[in-house]
$ cat query25.txt   # compact mmCIF, C-alpha atoms
# COMPACT_ATOMS: atom_id res chain seq x y z
CA MET M 1 0.00 0.00 0.00
CA GLN M 2 2.82 2.37 0.85
CA LYS M 3 4.43 1.58 -2.50
CA SER M 4 1.17 2.38 -4.28
CA ARG M 5 0.85 5.73 -2.54
CA LEU M 6 4.45 6.59 -3.30
CA LEU M 7 4.17 5.64 -6.95
CA LEU M 8 0.94 7.56 -7.54
CA ARG M 9 1.83 10.69 -5.61
CA GLU M 10 0.70 13.79 -7.44
CA ARG M 11 2.55 16.97 -8.28
CA PHE M 12 -0.58 18.46 -9.78
CA SER M 13 -1.72 22.04 -9.68
CA PRO M 14 -4.46 23.68 -11.77
CA VAL M 15 -1.83 26.27 -12.69
CA THR M 16 -0.02 23.53 -14.60
CA TYR M 17 -2.96 22.98 -16.95
CA LEU M 18 -3.44 26.73 -17.32
CA PHE M 19 0.21 27.09 -18.29
CA LEU M 20 -0.03 24.20 -20.77
CA SER M 21 -3.21 25.62 -22.31
CA ILE M 22 -1.67 29.06 -22.79
CA ALA M 23 1.54 27.51 -24.16
CA LEU M 24 -0.44 25.42 -26.66
CA PHE M 25 -2.50 28.40 -27.83
CA LEU M 26 0.56 30.61 -28.30
CA THR M 27 2.42 27.82 -30.11
CA MET M 28 -0.49 27.30 -32.51
CA VAL M 29 -0.64 31.04 -33.27
CA LEU M 30 3.14 31.13 -33.76
CA CYS M 31 2.97 28.24 -36.23
CA ILE M 32 0.25 30.00 -38.23
CA CYS M 33 2.13 33.31 -38.32
CA VAL M 34 5.60 32.01 -39.18
CA GLY M 35 6.46 30.56 -42.57
CA SER M 36 7.74 31.49 -46.01
CA VAL M 37 5.20 34.34 -45.83
CA ARG M 38 5.21 36.22 -42.54
CA ILE M 39 1.76 37.01 -41.13
CA THR M 40 1.11 39.29 -38.18
CA PHE M 41 -0.56 38.10 -35.00
CA SER M 42 -3.47 40.52 -35.44
CA ASP M 43 -4.12 39.36 -39.03
CA THR M 44 -4.09 35.73 -37.91
CA VAL M 45 -6.53 36.28 -35.06
CA THR M 46 -8.79 38.45 -37.22
CA ALA M 47 -8.93 35.91 -40.06
CA VAL M 48 -9.67 32.95 -37.80
CA TRP M 49 -12.17 34.84 -35.63
CA ASN M 50 -14.10 36.23 -38.60
CA ALA M 51 -14.11 32.85 -40.34
CA VAL M 52 -15.52 31.12 -37.24
CA TRP M 53 -18.32 33.67 -36.85
CA GLY M 54 -19.03 34.12 -40.55
CA LEU M 55 -17.83 37.71 -40.69
CA PRO M 56 -16.18 39.28 -43.75
CA ILE M 57 -12.38 39.12 -43.78
CA PRO M 58 -10.49 42.30 -44.80
CA GLN M 59 -8.89 42.17 -48.25
CA ASN M 60 -5.41 43.01 -46.95
CA ILE M 61 -5.24 39.75 -44.94
CA ALA M 62 -3.72 36.62 -46.52
CA LYS M 63 -6.96 34.69 -46.13
CA ASN M 64 -6.05 31.74 -48.34
CA ILE M 65 -2.69 31.12 -46.63
CA ILE M 66 -4.14 31.35 -43.13
CA LEU M 67 -7.40 29.44 -43.55
CA ASN M 68 -6.64 26.94 -46.33
CA VAL M 69 -2.96 26.14 -45.81
CA ARG M 70 -1.64 26.84 -42.34
CA LEU M 71 -4.71 26.49 -40.11
CA PRO M 72 -5.65 22.93 -41.22
CA ARG M 73 -1.99 21.93 -40.98
CA VAL M 74 -1.62 23.37 -37.48
CA LEU M 75 -4.82 21.66 -36.36
CA CYS M 76 -3.71 18.32 -37.83
CA VAL M 77 -0.29 18.57 -36.20
CA THR M 78 -1.87 19.48 -32.86
CA LEU M 79 -4.28 16.55 -32.91
CA ALA M 80 -1.65 14.07 -34.15
CA GLY M 81 0.85 15.14 -31.49
CA ALA M 82 -1.78 14.83 -28.78
CA SER M 83 -2.86 11.41 -30.10
CA LEU M 84 0.63 9.93 -30.33
CA SER M 85 1.58 11.25 -26.90
CA ILE M 86 -1.50 9.90 -25.12
CA CYS M 87 -0.94 6.53 -26.81
CA GLY M 88 2.62 6.49 -25.50
CA ALA M 89 1.51 7.40 -21.97
CA ALA M 90 -1.09 4.64 -21.99
CA MET M 91 1.34 2.00 -23.26
CA GLN M 92 4.06 2.95 -20.78
CA GLY M 93 1.59 2.58 -17.93
CA LEU M 94 0.10 -0.62 -19.29
CA LEU M 95 3.44 -2.33 -19.96
CA ARG M 96 5.33 -0.70 -17.05
CA ASN M 97 8.20 0.06 -19.38
CA PRO M 98 9.68 3.55 -20.03
CA LEU M 99 10.65 2.45 -23.55
CA ALA M 100 7.11 1.46 -24.47
CA ASP M 101 4.73 3.36 -26.71
CA GLY M 102 2.24 2.47 -29.40
CA SER M 103 4.99 1.72 -31.90
CA THR M 104 6.49 -0.87 -29.54
CA MET M 105 3.62 -3.16 -30.47
CA GLY M 106 4.52 -2.77 -34.13
CA VAL M 107 1.22 -1.04 -34.89
CA SER M 108 2.91 2.05 -36.37
CA SER M 109 5.09 -0.07 -38.64
CA GLY M 110 2.12 -2.15 -39.71
CA ALA M 111 0.07 0.94 -40.48
CA ALA M 112 2.98 2.43 -42.45
CA LEU M 113 3.31 -0.77 -44.50
CA GLY M 114 -0.39 -0.72 -45.32
CA ALA M 115 -0.27 2.90 -46.44
CA ILE M 116 2.83 2.31 -48.56
CA ILE M 117 1.24 -0.69 -50.28
CA ALA M 118 -1.80 1.47 -51.05
CA ILE M 119 0.46 4.10 -52.62
CA VAL M 120 2.44 1.54 -54.65
CA ILE M 121 -0.58 -0.30 -56.07
CA GLY M 122 -2.58 2.89 -56.50
CA PHE M 123 -5.43 1.78 -54.25
CA THR M 124 -7.97 4.58 -53.94
CA ILE M 125 -11.57 5.09 -52.92
CA PRO M 126 -13.87 7.06 -55.22
CA GLY M 127 -14.49 10.55 -53.87
CA SER M 128 -11.56 10.49 -51.45
CA ALA M 129 -7.99 11.22 -52.48
CA TYR M 130 -6.52 9.67 -49.33
CA GLY M 131 -9.26 7.20 -48.36
CA GLY M 132 -7.46 4.18 -49.77
CA THR M 133 -4.26 4.96 -47.88
CA MET M 134 -6.20 5.50 -44.67
CA ILE M 135 -8.21 2.28 -44.91
CA MET M 136 -5.11 0.22 -45.73
CA ALA M 137 -3.19 1.79 -42.84
CA MET M 138 -5.96 1.06 -40.36
CA ALA M 139 -6.48 -2.46 -41.71
CA PHE M 140 -2.78 -3.29 -41.42
CA ALA M 141 -2.68 -1.73 -37.95
CA PHE M 142 -5.45 -4.07 -36.84
CA GLY M 143 -3.80 -7.00 -38.60
CA SER M 144 -0.48 -6.23 -36.92
CA LEU M 145 -2.15 -6.08 -33.52
CA ILE M 146 -3.93 -9.40 -34.03
CA LEU M 147 -0.74 -11.08 -35.26
CA ILE M 148 1.39 -9.75 -32.39
CA LEU M 149 -1.17 -10.67 -29.73
CA SER M 150 -1.63 -14.13 -31.27
CA LEU M 151 2.11 -14.78 -31.25
CA ALA M 152 2.42 -13.42 -27.70
CA TYR M 153 -0.47 -15.62 -26.55
CA ALA M 154 1.06 -18.68 -28.23
CA LEU M 155 4.33 -18.09 -26.35
CA ASP M 156 2.82 -16.86 -23.08
CA ARG M 157 -0.83 -17.48 -22.24
CA SER M 158 -0.74 -14.68 -19.65
CA LEU M 159 0.14 -12.08 -22.30
CA SER M 160 2.99 -10.75 -20.17
CA THR M 161 4.42 -7.35 -21.03
CA SER M 162 7.90 -8.71 -21.81
CA SER M 163 6.46 -11.10 -24.41
CA ILE M 164 4.43 -8.38 -26.10
CA ILE M 165 7.35 -5.93 -26.22
CA LEU M 166 9.78 -8.56 -27.55
CA ILE M 167 7.46 -9.66 -30.33
CA GLY M 168 6.57 -6.05 -31.10
CA VAL M 169 10.23 -5.11 -31.56
CA ILE M 170 10.91 -8.14 -33.77
CA PHE M 171 7.81 -7.41 -35.83
CA THR M 172 8.83 -3.76 -36.28
CA MET M 173 12.25 -4.79 -37.58
CA PHE M 174 10.67 -7.27 -39.98
CA ILE M 175 8.18 -4.71 -41.34
CA SER M 176 10.97 -2.13 -41.72
CA SER M 177 12.86 -4.54 -43.97
CA ILE M 178 9.76 -5.08 -46.12
CA ILE M 179 9.25 -1.30 -46.43
CA SER M 180 12.88 -0.85 -47.47
CA LEU M 181 12.43 -3.61 -50.05
CA LEU M 182 9.33 -1.92 -51.49
CA ILE M 183 11.11 1.43 -51.71
CA THR M 184 14.06 -0.21 -53.46
CA PHE M 185 12.01 -1.96 -56.14
CA CYS M 186 9.37 0.72 -56.66
CA SER M 187 11.68 3.28 -58.26
CA ASP M 188 8.76 5.37 -59.55
CA HIS M 189 7.69 6.08 -55.99
CA THR M 190 11.08 6.15 -54.25
CA ARG M 191 11.12 9.87 -53.48
CA SER M 192 7.51 10.09 -52.27
CA LEU M 193 7.72 6.90 -50.20
CA SER M 194 11.03 7.83 -48.57
CA TYR M 195 9.64 11.24 -47.66
CA TRP M 196 6.32 9.82 -46.48
CA THR M 197 7.90 7.19 -44.22
CA LEU M 198 9.67 9.99 -42.31
CA GLY M 199 6.43 11.89 -41.76
CA SER M 200 4.86 14.95 -43.37
CA PHE M 201 1.78 17.11 -42.85
CA SER M 202 2.09 18.87 -46.18
CA GLY M 203 -1.21 19.29 -48.01
CA VAL M 204 -3.55 18.21 -45.21
CA ASN M 205 -7.11 19.54 -45.23
CA TYR M 206 -10.10 20.00 -42.94
CA ASP M 207 -11.49 16.54 -43.71
CA GLN M 208 -8.38 15.03 -42.16
CA VAL M 209 -8.70 17.44 -39.23
CA LYS M 210 -12.24 16.17 -38.62
CA LEU M 211 -11.12 12.55 -38.81
CA LEU M 212 -8.24 13.10 -36.38
CA PHE M 213 -10.50 15.00 -34.00
CA LEU M 214 -13.13 12.25 -34.04
CA ALA M 215 -10.50 9.53 -33.53
CA LEU M 216 -8.90 11.41 -30.63
CA LEU M 217 -12.28 12.15 -29.06
CA LEU M 218 -13.42 8.51 -29.15
CA CYS M 219 -10.13 6.73 -28.46
CA GLY M 220 -8.95 9.34 -25.97
CA GLY M 221 -12.25 8.96 -24.13
CA VAL M 222 -11.68 5.21 -23.83
CA LEU M 223 -8.15 5.72 -22.48
CA PHE M 224 -9.37 8.29 -19.95
CA ARG M 225 -12.07 5.84 -18.88
CA PHE M 226 -9.38 3.30 -18.02
CA SER M 227 -7.16 5.72 -16.07
CA PRO M 228 -7.71 3.86 -12.74
CA GLU M 229 -6.80 0.56 -14.38
CA LEU M 230 -3.67 2.10 -15.89
CA ASN M 231 -2.70 3.30 -12.40
CA ALA M 232 -3.09 -0.26 -11.15
CA PHE M 233 -1.03 -1.66 -14.05
CA ALA M 234 1.69 0.93 -13.42
CA ILE M 235 2.30 -0.70 -10.02
CA SER M 236 2.10 -4.31 -11.18
CA GLU M 237 -0.17 -6.73 -12.97
CA ASP M 238 -0.62 -8.64 -9.71
CA ASN M 239 -1.81 -5.45 -8.04
CA ALA M 240 -4.31 -4.88 -10.85
CA ARG M 241 -5.52 -8.45 -10.60
CA HIS M 242 -5.87 -8.28 -6.81
CA ILE M 243 -8.09 -5.19 -6.92
CA GLY M 244 -10.43 -6.85 -9.41
CA VAL M 245 -9.14 -5.67 -12.79
CA ASN M 246 -9.76 -8.08 -15.65
CA VAL M 247 -6.15 -7.94 -16.85
CA LYS M 248 -6.53 -9.60 -20.26
CA ARG M 249 -9.70 -7.69 -21.14
CA VAL M 250 -8.28 -4.29 -20.21
CA LYS M 251 -5.05 -5.01 -22.07
CA LEU M 252 -6.94 -5.90 -25.22
CA ILE M 253 -9.21 -2.84 -25.06
CA ILE M 254 -6.33 -0.43 -24.51
CA MET M 255 -4.20 -2.02 -27.23
CA ILE M 256 -7.03 -1.96 -29.76
CA THR M 257 -7.76 1.67 -28.88
CA VAL M 258 -4.11 2.61 -29.30
CA SER M 259 -3.89 0.75 -32.61
CA VAL M 260 -6.91 2.61 -34.03
CA LEU M 261 -5.58 6.01 -32.99
CA ILE M 262 -2.07 5.34 -34.28
CA GLY M 263 -3.44 3.89 -37.52
CA VAL M 264 -5.38 7.08 -38.21
CA CYS M 265 -2.34 9.26 -37.42
CA VAL M 266 0.01 7.23 -39.62
CA SER M 267 -2.45 7.24 -42.52
CA ILE M 268 -2.47 11.05 -42.48
CA SER M 269 1.07 12.04 -41.53
CA GLY M 270 3.22 8.99 -42.08
CA THR M 271 5.54 7.64 -39.40
CA VAL M 272 6.48 10.19 -36.73
CA SER M 273 8.92 8.87 -34.12
CA PHE M 274 9.64 9.70 -30.48
CA VAL M 275 6.51 11.76 -29.71
CA GLY M 276 4.82 8.93 -27.84
CA LEU M 277 8.11 7.82 -26.34
CA VAL M 278 9.47 11.07 -24.91
CA MET M 279 6.59 13.44 -24.21
CA PRO M 280 4.83 11.27 -21.57
CA HIS M 281 8.06 11.47 -19.57
CA ILE M 282 7.97 15.27 -19.76
CA ALA M 283 4.32 15.24 -18.68
CA ARG M 284 5.14 12.86 -15.83
CA MET M 285 7.73 15.33 -14.53
CA LEU M 286 5.07 18.05 -14.49
CA VAL M 287 2.06 16.27 -12.96
CA GLY M 288 3.31 12.94 -11.59
CA PRO M 289 2.46 9.38 -12.63
CA ASN M 290 -1.29 9.36 -11.85
CA HIS M 291 -2.90 8.72 -15.24
CA LYS M 292 -5.90 10.88 -14.42
CA ARG M 293 -3.48 13.81 -14.55
CA LEU M 294 -0.84 12.31 -16.83
CA LEU M 295 -3.06 11.64 -19.87
CA PRO M 296 -4.32 15.25 -20.19
CA ALA M 297 -0.81 16.61 -19.63
CA SER M 298 0.49 14.24 -22.30
CA LEU M 299 -2.09 15.59 -24.74
CA PHE M 300 -0.83 19.14 -24.27
CA SER M 301 2.89 18.32 -24.24
CA GLY M 302 2.69 16.08 -27.31
CA ALA M 303 0.77 18.70 -29.27
CA ILE M 304 3.21 21.48 -28.37
CA PHE M 305 6.26 19.36 -29.19
CA LEU M 306 4.98 18.26 -32.59
CA LEU M 307 3.88 21.81 -33.48
CA LEU M 308 7.38 23.13 -32.78
CA ALA M 309 8.94 20.22 -34.68
CA ASP M 310 6.71 20.93 -37.68
CA LEU M 311 7.60 24.63 -37.51
CA VAL M 312 11.29 23.78 -37.61
CA ALA M 313 10.73 21.35 -40.49
CA ARG M 314 8.95 24.05 -42.50
CA THR M 315 11.27 26.96 -41.83
CA LEU M 316 14.78 25.71 -41.07
CA LEU M 317 15.80 25.21 -44.70
CA SER M 318 12.99 27.22 -46.32
CA PRO M 319 11.88 26.93 -49.09
CA ILE M 320 12.92 23.27 -48.71
CA GLU M 321 10.73 21.40 -46.24
CA LEU M 322 12.28 18.74 -44.04
CA SER M 323 10.43 15.59 -43.05
CA ILE M 324 8.99 16.10 -39.61
CA GLY M 325 10.26 12.67 -38.55
CA VAL M 326 13.83 13.89 -39.05
CA VAL M 327 13.27 16.73 -36.56
CA THR M 328 11.43 14.63 -33.97
CA SER M 329 14.05 11.89 -34.15
CA MET M 330 16.96 14.28 -33.67
CA VAL M 331 15.35 16.16 -30.79
CA GLY M 332 13.64 13.12 -29.29
CA ALA M 333 16.76 10.96 -29.24
CA VAL M 334 18.74 13.55 -27.29
CA ALA M 335 15.83 14.28 -24.95
CA PHE M 336 15.24 10.61 -24.27
CA VAL M 337 18.89 9.97 -23.41
CA ILE M 338 18.74 12.83 -20.89
CA ILE M 339 15.46 11.63 -19.41
CA PHE M 340 16.62 8.02 -19.23
CA ASN M 341 19.86 9.06 -17.51
CA LYS M 342 17.97 11.10 -14.91
CA THR M 343 15.56 8.22 -14.31
CA ARG M 344 18.43 5.78 -13.84
CA LYS M 345 20.18 8.06 -11.35
CA ALA M 346 16.97 8.55 -9.38
CA ARG M 347 16.67 4.81 -8.70
$ encode --input "query25.txt" --output "structure tokens"
Amino acid sequence: MQKSRLLLRERFSPVTYLFLSIALFLTMVLCICVGSVRITFSDTVTAVWNAVWGLPIPQNIAKNIILNVRLPRVLCVTLAGASLSICGAAMQGLLRNPLADGSTMGVSSGAALGAIIAIVIGFTIPGSAYGGTMIMAMAFAFGSLILILSLAYALDRSLSTSSIILIGVIFTMFISSIISLLITFCSDHTRSLSYWTLGSFSGVNYDQVKLLFLALLLCGGVLFRFSPELNAFAISEDNARHIGVNVKRVKLIIMITVSVLIGVCVSISGTVSFVGLVMPHIARMLVGPNHKRLLPASLFSGAIFLLLADLVARTLLSPIELSIGVVTSMVGAVAFVIIFNKTRKAR
């Protein structure tokens, strides 16, 4: 009991959420204003405010750039960052492993493979330019989850975390080799596939914003619903079992929820690394390990991080745009080494 209280101690203050909310708002405005064309803060606020309320927008404001290019991109990046971060927080609590996130299960790699196959074979859905890619990504995400859980169950009927992580890592390496093979042989798509596998939010629209919002609303709601169970898992599976948690059922629900959310994100932006791995650790430093506080903080921190990463990708070598995965990997790798070192010293 003492261990449980120590583990779940809170460092929460309402001021923390207020700070995160303000930081997210200012970051979103910054990302809309800054780019190849500089836009003032007042023009940005005026354009968005008038568009929301149906008011006329002054002619001197770059309406098309703000409303049709940057705003949908900023909204997509915000929702994707929040989604990936909350998935990472949930998986780290569920598997009790600081190296765990949604991609540890191989779901991200599976979704990426599905999307790449859709691009290579030209699979599309009438009336939707990206519908085929999205459906294939989600289908392969589900298929990857089923395959990994089946293999884990065949090796360990208790579905222990070590078995799931091991098989997930092996599966990810296997899928990565298949993706490399496809890129090598599909020379007509080499440039687009290489760029897409590193992540990009270029050309997103409001339909994708709506889809991401709906996915985050539904899947995030499920994860928030299981916050008490995640707290129990964070201590130990035995602890969760002793307090009446149906361990296998909760594991399956959370993993399926994570796979759906990651599948949607990958189908829109491609593979974006380290968001779900690093940002939950930052959020944990701010609010503690209680998932009732950690999941909302992870939403904010993941969104802010990915917004800044996308801003750097767009502007660092302007007019050339970097893949956002390059930025997140470089920053995330350094940040994770620092966080892991501090965690090790604290033990």
$ atom_distance --input "query25.txt" --atom1 "atom CA of M:Arg225" --atom2 "atom CA of M:Val209"
23.7 Å
$ closest_atom_pairs --input "query25.txt" --of "stretch 284-307 of chain M" --to "stretch 316-339 of chain M" --cutoff "12 Å" --atoms "only C-alpha atoms" --output "JSON lines"
{"residue": "M:Arg284", "atom": "CA", "partner": "M:Ile339", "partner_atom": "CA", "distance": 11.0}
{"residue": "M:Met285", "atom": "CA", "partner": "M:Ile339", "partner_atom": "CA", "distance": 9.9}
{"residue": "M:Gly302", "atom": "CA", "partner": "M:Thr328", "partner_atom": "CA", "distance": 11.1}
{"residue": "M:Phe305", "atom": "CA", "partner": "M:Thr328", "partner_atom": "CA", "distance": 8.5}
{"residue": "M:Leu306", "atom": "CA", "partner": "M:Thr328", "partner_atom": "CA", "distance": 7.5}
{"residue": "M:Leu307", "atom": "CA", "partner": "M:Ile324", "partner_atom": "CA", "distance": 9.8}
$ write_last_selection --input "query25.txt" --atoms "C-alpha atoms" --output "compact mmCIF listing (two decimals), in the frame of the given file"
# COMPACT_ATOMS: atom_id res chain seq x y z
CA ARG M 284 5.14 12.86 -15.83
CA MET M 285 7.73 15.33 -14.53
CA GLY M 302 2.69 16.08 -27.31
CA PHE M 305 6.26 19.36 -29.19
CA LEU M 306 4.98 18.26 -32.59
CA LEU M 307 3.88 21.81 -33.48
$ residues_around --input "query25.txt" --residues "M:Pro296" --least-positions-apart "3" --cutoff "10 Å" --atoms "all atoms listed in the file" --output "ChimeraX atom specification"
/M:17,20,82,85-86,89,220,224,283,287,291-293,299-301
$ residues_around --input "query25.txt" --residues "M:His189" --least-positions-apart "6" --cutoff "12 Å" --atoms "only C-alpha atoms" --output "number ranges by chain"
M: 116-122, 182-183, 195-197
$ write_last_selection --input "query25.txt" --atoms "C-alpha atoms" --output "PDB file, keeping the file's coordinate frame"
ATOM      1  CA  ILE M 116       2.830   2.310 -48.560  1.00  0.00           C
ATOM      2  CA  ILE M 117       1.240  -0.690 -50.280  1.00  0.00           C
ATOM      3  CA  ALA M 118      -1.800   1.470 -51.050  1.00  0.00           C
ATOM      4  CA  ILE M 119       0.460   4.100 -52.620  1.00  0.00           C
ATOM      5  CA  VAL M 120       2.440   1.540 -54.650  1.00  0.00           C
ATOM      6  CA  ILE M 121      -0.580  -0.300 -56.070  1.00  0.00           C
ATOM      7  CA  GLY M 122      -2.580   2.890 -56.500  1.00  0.00           C
ATOM      8  CA  LEU M 182       9.330  -1.920 -51.490  1.00  0.00           C
ATOM      9  CA  ILE M 183      11.110   1.430 -51.710  1.00  0.00           C
ATOM     10  CA  TYR M 195       9.640  11.240 -47.660  1.00  0.00           C
ATOM     11  CA  TRP M 196       6.320   9.820 -46.480  1.00  0.00           C
ATOM     12  CA  THR M 197       7.900   7.190 -44.220  1.00  0.00           C
TER      13      THR M 197
END
$ residues_around --input "query25.txt" --residues "stretch 41-46 of chain M" --least-positions-apart "6" --cutoff "10 Å" --atoms "only C-alpha atoms" --output "PyMOL selection string"
chain M and resi 29-30+32-34+52+55-58+60-63+65-67+71
$ write_last_selection --input "query25.txt" --atoms "C-alpha atoms" --output "JSON list (two decimals), in the frame of the given file"
[["chain", "number", "residue", "atom", "x", "y", "z"],
["M", 29, "VAL", "CA", -0.64, 31.04, -33.27],
["M", 30, "LEU", "CA", 3.14, 31.13, -33.76],
["M", 32, "ILE", "CA", 0.25, 30.00, -38.23],
["M", 33, "CYS", "CA", 2.13, 33.31, -38.32],
["M", 34, "VAL", "CA", 5.60, 32.01, -39.18],
["M", 52, "VAL", "CA", -15.52, 31.12, -37.24],
["M", 55, "LEU", "CA", -17.83, 37.71, -40.69],
["M", 56, "PRO", "CA", -16.18, 39.28, -43.75],
["M", 57, "ILE", "CA", -12.38, 39.12, -43.78],
["M", 58, "PRO", "CA", -10.49, 42.30, -44.80],
["M", 60, "ASN", "CA", -5.41, 43.01, -46.95],
["M", 61, "ILE", "CA", -5.24, 39.75, -44.94],
["M", 62, "ALA", "CA", -3.72, 36.62, -46.52],
["M", 63, "LYS", "CA", -6.96, 34.69, -46.13],
["M", 65, "ILE", "CA", -2.69, 31.12, -46.63],
["M", 66, "ILE", "CA", -4.14, 31.35, -43.13],
["M", 67, "LEU", "CA", -7.40, 29.44, -43.55],
["M", 71, "LEU", "CA", -4.71, 26.49, -40.11]]
$ atom_distance --input "query25.txt" --atom1 "atom CA of M:Asp101" --atom2 "atom CA of M:Pro228"
18.7 Å
$ atom_distance --input "query25.txt" --atom1 "atom CA of M:Leu24" --atom2 "atom CA of M:Leu230"
25.9 Å
$ closest_atom_pairs --input "query25.txt" --of "stretch 35-123 of chain M" --to "stretch 146-154 of chain M" --cutoff "10 Å" --atoms "all atoms listed in the file" --output "JSON lines"
{"residue": "M:Met105", "atom": "CA", "partner": "M:Ile148", "partner_atom": "CA", "distance": 7.2}
{"residue": "M:Gly106", "atom": "CA", "partner": "M:Ile148", "partner_atom": "CA", "distance": 7.8}
{"residue": "M:Val107", "atom": "CA", "partner": "M:Ile148", "partner_atom": "CA", "distance": 9.1}
$ closest_residue --input "query25.txt" --among "M:Ala51, M:Leu145, M:Val69, M:Ala303" --to "M:Leu252" --atoms "only C-alpha atoms"
M:Leu145
$ residues_around --input "query25.txt" --residues "M:Thr271" --least-positions-apart "2" --cutoff "7 Å" --atoms "only C-alpha atoms" --output "number ranges by chain"
M: 108, 112, 197-199, 266, 269, 273, 325
$ axis_aligned_box --input "query25.txt" --around "stretch 102-110 of chain M" --padding-each-side "3 Å" --output "AutoDock Vina command-line options"
--center_x 3.9 --center_y -0.3 --center_z -34.6 --size_x 11.3 --size_y 11.6 --size_z 16.3
$ closest_residue --input "query25.txt" --among "M:Ile304, M:Met136, M:Val37, M:Leu26" --to "M:Val77" --atoms "only C-alpha atoms"
M:Ile304
$ residues_around --input "query25.txt" --residues "M:Leu75" --least-positions-apart "3" --cutoff "10 Å" --atoms "all atoms listed in the file" --output "list in words"
Met28, Ile32, Arg70, Leu71, Pro72, Thr78, Leu79, Ala80, Gly81, Val204, Asn205, Tyr206, Gln208, Val209, Lys210, Leu212, Phe213, Ala303 and Leu307 of chain M
$ closest_residue --input "query25.txt" --among "M:Ile170, M:Met138, M:Leu308, M:Leu223" --to "M:Ser83" --atoms "only C-alpha atoms"
M:Leu223
